[in-house]
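Asker: TSV, C-alpha atoms, saved as run_19.tsv, coming up:
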chain	number	residue	atom	x	y	z
A	11	LYS	CA	-26.25	-59.83	-44.30
A	12	ALA	CA	-27.77	-61.58	-41.29
A	13	LEU	CA	-26.15	-64.70	-39.91
A	14	THR	CA	-28.77	-67.46	-40.07
A	15	SER	CA	-26.84	-70.45	-38.68
A	16	LEU	CA	-23.44	-71.75	-37.67
A	17	VAL	CA	-23.05	-75.51	-37.97
A	18	ASN	CA	-20.15	-77.93	-37.60
A	19	GLY	CA	-18.82	-75.69	-34.88
A	20	GLY	CA	-17.14	-78.69	-33.32
A	21	ASN	CA	-14.19	-77.86	-35.57
A	22	MET	CA	-13.86	-74.30	-34.25
A	23	VAL	CA	-11.67	-74.75	-31.17
A	24	MET	CA	-9.85	-71.40	-30.83
A	25	GLY	CA	-7.91	-72.71	-27.83
A	26	SER	CA	-5.39	-69.84	-27.81
A	27	VAL	CA	-7.85	-66.93	-27.97
A	28	PRO	CA	-8.05	-64.88	-24.72
A	29	ASP	CA	-10.79	-62.37	-25.56
A	30	PHE	CA	-14.22	-63.46	-26.84
A	31	SER	CA	-15.99	-60.20	-26.04
A	32	TYR	CA	-18.60	-59.09	-28.60
A	33	MET	CA	-17.82	-62.09	-30.82
A	34	PHE	CA	-21.45	-62.60	-31.91
A	35	HIS	CA	-22.78	-59.23	-30.80
A	36	ASN	CA	-25.95	-58.28	-32.67
A	37	CYS	CA	-25.86	-61.33	-34.96
A	38	GLY	CA	-29.17	-61.62	-36.74
A	39	THR	CA	-31.99	-59.09	-37.02
A	40	ASN	CA	-35.40	-58.62	-35.48
A	41	THR	CA	-36.97	-60.02	-38.65
A	42	VAL	CA	-34.81	-63.14	-39.01
A	43	THR	CA	-35.47	-66.26	-36.95
A	44	GLY	CA	-32.20	-67.74	-35.78
A	45	PRO	CA	-29.35	-68.26	-35.88
A	46	ASP	CA	-28.62	-71.54	-34.15
A	47	LEU	CA	-25.02	-71.32	-32.97
A	48	ASP	CA	-23.12	-74.61	-32.77
A	49	LEU	CA	-19.97	-73.67	-30.86
A	50	SER	CA	-19.52	-77.10	-29.35
A	51	GLY	CA	-15.83	-77.13	-30.33
A	52	LEU	CA	-14.88	-74.00	-28.37
A	53	THR	CA	-12.84	-74.91	-25.30
A	54	GLY	CA	-12.06	-71.48	-23.88
A	55	ALA	CA	-8.71	-72.91	-22.84
A	56	SER	CA	-7.04	-69.49	-22.88
A	57	ALA	CA	-10.13	-67.32	-22.51
A	58	THR	CA	-10.16	-64.53	-19.93
A	59	VAL	CA	-13.04	-62.34	-21.17
A	60	THR	CA	-16.48	-63.21	-22.61
A	61	THR	CA	-18.16	-59.85	-21.97
A	62	SER	CA	-21.17	-59.28	-24.28
A	63	MET	CA	-20.12	-62.27	-26.38
A	64	PHE	CA	-23.69	-62.80	-27.63
A	65	GLN	CA	-25.28	-59.48	-26.69
A	66	ASP	CA	-28.37	-58.72	-28.82
A	67	SER	CA	-27.97	-61.93	-30.82
A	68	THR	CA	-31.20	-63.51	-32.10
A	69	ALA	CA	-29.92	-67.07	-31.71
A	70	ILE	CA	-32.53	-69.61	-30.60
A	71	ALA	CA	-30.11	-72.29	-29.42
A	72	ILE	CA	-26.50	-71.73	-28.32
A	73	ASP	CA	-24.27	-74.77	-27.83
A	74	MET	CA	-21.08	-74.07	-25.87
A	75	SER	CA	-20.99	-77.52	-24.31
A	76	SER	CA	-17.17	-77.82	-24.43
A	77	PHE	CA	-16.38	-74.29	-23.24
A	78	VAL	CA	-14.58	-74.63	-19.90
A	79	GLY	CA	-13.38	-71.04	-19.47
A	80	ALA	CA	-11.69	-71.74	-16.15
A	81	SER	CA	-9.58	-68.56	-16.46
A	82	VAL	CA	-12.40	-66.24	-17.50
A	83	ASN	CA	-12.74	-63.32	-15.07
A	84	ALA	CA	-15.41	-61.29	-16.90
A	85	MET	CA	-18.71	-62.80	-18.10
A	86	ASN	CA	-20.82	-59.68	-17.63
A	87	SER	CA	-23.62	-59.20	-20.18
A	88	MET	CA	-22.51	-62.38	-21.97
A	89	PHE	CA	-26.06	-63.18	-23.18
A	90	TYR	CA	-27.53	-59.72	-22.55
A	91	ARG	CA	-30.77	-59.13	-24.46
A	92	CYS	CA	-30.67	-62.44	-26.35
A	93	ASN	CA	-34.42	-62.21	-26.25
A	94	GLU	CA	-35.11	-65.10	-28.65
A	95	VAL	CA	-32.76	-67.68	-27.17
A	96	VAL	CA	-34.55	-70.73	-25.72
A	97	THR	CA	-31.68	-73.05	-24.75
A	98	ILE	CA	-28.07	-72.40	-23.76
A	99	ASP	CA	-25.69	-75.30	-23.17
A	100	LEU	CA	-22.82	-74.42	-20.83
A	101	ASP	CA	-22.38	-77.97	-19.61
A	102	VAL	CA	-18.71	-77.74	-18.51
A	103	LEU	CA	-18.41	-74.00	-17.85
A	104	ASP	CA	-16.19	-73.32	-14.83
A	105	THR	CA	-16.92	-69.97	-13.14
A	106	THR	CA	-14.28	-70.31	-10.42
A	107	SER	CA	-12.25	-67.32	-11.65
A	108	VAL	CA	-15.15	-65.05	-12.62
A	109	THR	CA	-15.28	-61.76	-10.72
A	110	ASN	CA	-17.71	-59.88	-12.98
A	111	ILE	CA	-20.93	-61.76	-13.77
A	112	ASN	CA	-23.61	-59.07	-13.60
A	113	TYR	CA	-26.31	-58.89	-16.29
A	114	MET	CA	-25.11	-62.21	-17.72
A	115	PHE	CA	-28.61	-63.28	-18.84
A	116	LEU	CA	-30.47	-59.97	-18.57
A	117	SER	CA	-33.62	-59.78	-20.74
A	118	CYS	CA	-33.41	-63.28	-22.18
A	119	ASN	CA	-37.21	-63.22	-22.36
A	120	ASP	CA	-37.72	-66.61	-24.05
A	121	LEU	CA	-34.97	-68.49	-22.24
A	122	VAL	CA	-36.27	-71.81	-20.88
A	123	THR	CA	-33.21	-73.93	-20.16
A	124	VAL	CA	-29.59	-73.25	-19.22
A	125	THR	CA	-27.51	-76.41	-18.87
A	126	VAL	CA	-24.61	-76.19	-16.41
A	127	ASP	CA	-22.66	-78.43	-14.06
A	128	PRO	CA	-23.57	-77.10	-10.57
A	129	LEU	CA	-20.22	-78.31	-9.24
A	130	LYS	CA	-18.49	-75.92	-11.66
A	131	PHE	CA	-21.01	-73.08	-11.88
A	132	ILE	CA	-20.13	-71.75	-8.43
A	133	GLY	CA	-19.18	-68.11	-8.92
A	134	ASP	CA	-17.43	-67.92	-5.56
A	135	SER	CA	-15.12	-65.10	-6.75
A	136	ALA	CA	-17.90	-62.99	-8.26
A	137	THR	CA	-18.68	-59.78	-6.40
A	138	ASP	CA	-21.73	-58.56	-8.32
A	139	PHE	CA	-24.74	-60.67	-9.35
A	140	SER	CA	-26.97	-57.68	-10.06
A	141	GLY	CA	-29.34	-58.27	-12.98
A	142	PHE	CA	-27.93	-61.79	-13.42
A	143	LEU	CA	-31.31	-63.28	-14.43
A	144	ASP	CA	-33.37	-60.10	-14.59
A	145	ASP	CA	-36.37	-60.27	-16.95
A	146	CYS	CA	-36.09	-63.95	-17.88
A	147	GLY	CA	-39.80	-64.64	-17.53
A	148	SER	CA	-39.85	-68.01	-19.32
A	149	LEU	CA	-37.07	-69.65	-17.33
A	150	VAL	CA	-37.74	-73.20	-16.14
A	151	THR	CA	-34.43	-75.04	-15.71
A	152	PHE	CA	-31.11	-73.68	-14.44
A	153	ASP	CA	-29.24	-75.59	-11.73
A	154	LEU	CA	-27.77	-72.91	-9.47
A	155	SER	CA	-27.37	-75.16	-6.44
A	156	GLY	CA	-23.60	-74.65	-6.53
A	157	LEU	CA	-23.69	-70.89	-5.90
A	158	THR	CA	-21.95	-69.83	-2.68
A	159	MET	CA	-21.89	-66.00	-2.86
A	160	ALA	CA	-18.61	-66.22	-0.97
A	161	SER	CA	-17.32	-62.93	-2.45
A	162	CYS	CA	-20.61	-61.29	-3.43
A	163	THR	CA	-21.66	-57.83	-2.30
A	164	THR	CA	-24.63	-57.13	-4.60
A	165	LEU	CA	-27.71	-59.18	-5.52
A	166	SER	CA	-29.87	-56.34	-6.79
A	167	SER	CA	-32.44	-57.43	-9.41
A	168	MET	CA	-30.87	-60.89	-9.58
A	169	PHE	CA	-34.28	-62.55	-10.08
A	170	LYS	CA	-36.37	-59.50	-10.93
A	171	ALA	CA	-39.32	-60.51	-13.15
A	172	THR	CA	-37.99	-64.08	-13.31
A	173	PRO	CA	-39.38	-67.34	-11.91
A	174	ILE	CA	-36.89	-68.56	-9.31
A	175	PRO	CA	-35.36	-71.91	-10.32
A	176	SER	CA	-36.17	-74.72	-7.89
A	177	SER	CA	-32.44	-75.31	-7.40
A	178	VAL	CA	-31.95	-71.90	-5.75
A	179	THR	CA	-31.50	-72.19	-1.97
A	180	PRO	CA	-30.39	-68.81	-0.57
A	181	ALA	CA	-30.06	-70.30	2.93
A	182	ASP	CA	-26.93	-72.06	1.64
A	183	TRP	CA	-25.28	-68.77	0.66
A	184	ASP	CA	-22.78	-66.60	2.49
A	185	TRP	CA	-24.61	-63.33	3.16
A	186	SER	CA	-21.91	-61.75	5.32
A	187	GLY	CA	-20.68	-59.34	2.65
A	188	ILE	CA	-24.00	-58.48	0.97
A	189	THR	CA	-24.68	-54.74	0.87
A	190	GLY	CA	-27.33	-54.51	-1.88
A	191	THR	CA	-30.48	-56.59	-2.52
A	192	TYR	CA	-32.81	-54.07	-4.15
A	193	ASN	CA	-35.41	-56.03	-6.18
A	194	PHE	CA	-33.51	-59.26	-5.53
A	195	ILE	CA	-36.90	-60.93	-5.94
A	196	GLN	CA	-39.75	-58.81	-7.28
A	197	GLY	CA	-43.50	-58.85	-7.40
A	198	SER	CA	-45.29	-62.18	-7.87
A	199	ASN	CA	-42.04	-64.13	-8.09
A	200	THR	CA	-41.51	-65.90	-4.80
A	201	LEU	CA	-39.24	-68.12	-2.82
A	202	SER	CA	-41.13	-71.05	-1.31
A	203	THR	CA	-42.23	-70.59	2.29
A	204	ALA	CA	-39.95	-73.41	3.41
A	205	LYS	CA	-36.93	-71.83	1.72
A	206	TYR	CA	-37.81	-68.36	3.00
A	207	ASP	CA	-38.12	-69.76	6.53
A	208	ALA	CA	-34.72	-71.43	6.19
A	209	LEU	CA	-33.19	-68.22	4.84
A	210	LEU	CA	-34.46	-66.09	7.72
A	211	ILE	CA	-33.13	-68.57	10.26
A	212	GLU	CA	-29.75	-68.73	8.48
A	213	LEU	CA	-29.48	-64.96	8.18
A	214	ASP	CA	-30.05	-64.62	11.91
A	215	SER	CA	-27.08	-66.92	12.50
A	216	GLN	CA	-24.67	-64.97	10.25
A	217	THR	CA	-22.86	-61.71	10.91
A	218	LEU	CA	-24.41	-59.32	8.39
A	219	VAL	CA	-23.72	-55.82	7.13
A	220	SER	CA	-26.07	-53.58	9.10
A	221	GLY	CA	-28.78	-51.47	7.49
A	222	VAL	CA	-29.31	-53.69	4.43
A	223	ASP	CA	-32.94	-54.21	3.34
A	224	LEU	CA	-33.90	-57.64	1.98
A	225	TYR	CA	-36.27	-57.51	-1.00
A	226	MET	CA	-38.18	-60.81	-1.27
A	227	GLY	CA	-41.09	-59.92	-3.53
A	228	SER	CA	-44.27	-61.74	-2.49
A	229	SER	CA	-42.46	-64.48	-0.57
A	230	THR	CA	-44.07	-65.41	2.75
A	231	TYR	CA	-42.69	-66.95	5.93
A	232	THR	CA	-44.34	-69.09	8.59
A	233	GLY	CA	-45.76	-67.00	11.40
A	234	GLY	CA	-45.35	-67.93	15.03
A	235	GLY	CA	-42.33	-70.17	14.57
A	236	ALA	CA	-38.55	-70.10	14.31
A	237	ALA	CA	-38.61	-68.09	11.08
A	238	ALA	CA	-40.78	-65.39	12.62
A	239	THR	CA	-38.50	-65.25	15.63
A	240	ALA	CA	-35.45	-64.93	13.36
A	241	ARG	CA	-37.12	-62.18	11.33
A	242	ALA	CA	-37.96	-60.23	14.48
A	243	SER	CA	-34.34	-60.54	15.59
A	244	LEU	CA	-33.06	-59.37	12.20
A	245	ILE	CA	-35.17	-56.21	12.13
A	246	SER	CA	-34.77	-55.31	15.80
Please go through the file and, once you have read it, give me the structure as structure tokens.

Answerer:
Amino acid sequence: KALTSLVNGGNMVMGSVPDFSYMFHNCGTNTVTGPDLDLSGLTGASATVTTSMFQDSTAIAIDMSSFVGASVNAMNSMFYRCNEVVTIDLDVLDTTSVTNINYMFLSCNDLVTVTVDPLKFIGDSATDFSGFLDDCGSLVTFDLSGLTMASCTTLSSMFKATPIPSSVTPADWDWSGITGTYNFIQGSNTLSTAKYDALLIELDSQTLVSGVDLYMGSSTYTGGGAAATARASLIS
């Protein structure tokens, strides 16, 4: 029988549970609208794994607004293919310890808003952001201004087929360890010219892994200026 809703979740704390993987995997069916998942009581105080926690769920709204998860090291595919979800509240989620975050929101086609605290959603231990927001074509709001990429090696398909949130400023990232950017940005999805200019200038100032191609979709830079000079230096 399909789960259609979970309410009064403020009473479901589960503070001693370490593994939340596949907890709501495949909840609902393609013919049932919902469920709305009120998990506002979950603290994630002892959580270490949330892999595929909601994979293939048909939830429309997911409230995890009290889930801190400061010890979680694996969040890969956490919301993978939740293609009916519109809002996800992760207001206090702390990603400091996360090392595996790839495909976290892959194919959340209707996702509009993800609520996070950018001072906690940093991901500075994560090595692989591939497919992180791949195929999230309805996305409008997701504050990713706290990302550092301090440990990251792979950004492949991070924003493939996804509008880039205005908070994303790749010039603020550490690119020194990046070895893969295939389809980082794809097609008509673009970084603003100002941000692309800033990125090129910043990349030219960092020590990068040689031989890495940068995939920027249809993004354009300003010709005849500092960005063009930096680009020429990078490809020389």

Asker: Which residue, A:Ile132, A:Ala57, A:Asn83, A:Asp48, has the smallest gap to Ala69 of chain A when you use only C-alpha atoms?

Answerer: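 Counting only C-alpha atoms, the residue closest to Ala69 of chain A is A:Asp48.
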
Asker: Under the rule that only C-alpha atoms are counted, which of A:Ala136, A:Ile98, A:Leu49, A:Leu213 is the nearest residue to Val82 of chain A?

Answerer: A:Ala136

Asker: Select, from A:Leu157, A:Ala80, A:Ala55, A:Met168, the residue with the minimum atom-to-atom distance to Leu103 of chain A, counting only C-alpha atoms.

Answerer: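 Between A:Leu157, A:Ala80, A:Ala55, A:Met168, the residue approaching Leu103 of chain A most closely is A:Ala80.
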
Asker: As AutoDock Vina command-line options, please: the centre and edge lengths in Å, to one decimal, of an axis-aligned box enclosing every listed atom of segment 59-62 of chain A with 5 Å added on each side.

Answerer:
--center_x -17.1 --center_y -61.2 --center_z -22.7 --size_x 18.1 --size_y 13.9 --size_z 13.1

Asker: Restricting the calculation to all atoms listed in the file: of A:Val222, A:Val96, A:Val150, A:Val59, which residue gets closest to Val108 of chain A?

Answerer: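 For Val108 of chain A, the nearest of the given residues is A:Val59.
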
Asker: Suppose you want the space between atom CA of Met85 of chain A and atom CA of Met114 of chain A; what is it in Å?

Answerer: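 That distance, rounded to one decimal, is 6.4 Å.
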
Asker: Kindly give the distance, in Å, that separates atom CA of Ser228 of chain A and atom CA of Gln196 of chain A, rounded to a single decimal.

Answerer: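 Going from atom CA of Ser228 of chain A over to atom CA of Gln196 of chain A covers 7.2 Å.
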
Asker: Show which residues sit within 9 Å of Leu143 of chain A, as a PDB file with C-alpha atoms, keeping the file's coordinate frame. Count all atoms listed in the file, and ignore same-chain residues fewer than 2 positions away.

Answerer:
ATOM      1  CA  ASN A 112     -23.610 -59.070 -13.600  1.00  0.00           C
ATOM      2  CA  TYR A 113     -26.310 -58.890 -16.290  1.00  0.00           C
ATOM      3  CA  MET A 114     -25.110 -62.210 -17.720  1.00  0.00           C
ATOM      4  CA  PHE A 115     -28.610 -63.280 -18.840  1.00  0.00           C
ATOM      5  CA  LEU A 116     -30.470 -59.970 -18.570  1.00  0.00           C
ATOM      6  CA  SER A 117     -33.620 -59.780 -20.740  1.00  0.00           C
ATOM      7  CA  CYS A 118     -33.410 -63.280 -22.180  1.00  0.00           C
ATOM      8  CA  PHE A 139     -24.740 -60.670  -9.350  1.00  0.00           C
ATOM      9  CA  SER A 140     -26.970 -57.680 -10.060  1.00  0.00           C
ATOM     10  CA  GLY A 141     -29.340 -58.270 -12.980  1.00  0.00           C
ATOM     11  CA  ASP A 145     -36.370 -60.270 -16.950  1.00  0.00           C
ATOM     12  CA  CYS A 146     -36.090 -63.950 -17.880  1.00  0.00           C
ATOM     13  CA  SER A 167     -32.440 -57.430  -9.410  1.00  0.00           C
ATOM     14  CA  MET A 168     -30.870 -60.890  -9.580  1.00  0.00           C
ATOM     15  CA  PHE A 169     -34.280 -62.550 -10.080  1.00  0.00           C
ATOM     16  CA  LYS A 170     -36.370 -59.500 -10.930  1.00  0.00           C
ATOM     17  CA  ALA A 171     -39.320 -60.510 -13.150  1.00  0.00           C
ATOM     18  CA  THR A 172     -37.990 -64.080 -13.310  1.00  0.00           C
TER      19      THR A 172
END

Asker: Go ahead and compute the interatomic distance for atom CA of Gly79 of chain A and atom CA of Leu149 of chain A, in Å to one decimal.

Answerer: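 Value for the atom CA of Gly79 of chain A-atom CA of Leu149 of chain A distance: 23.8 Å.
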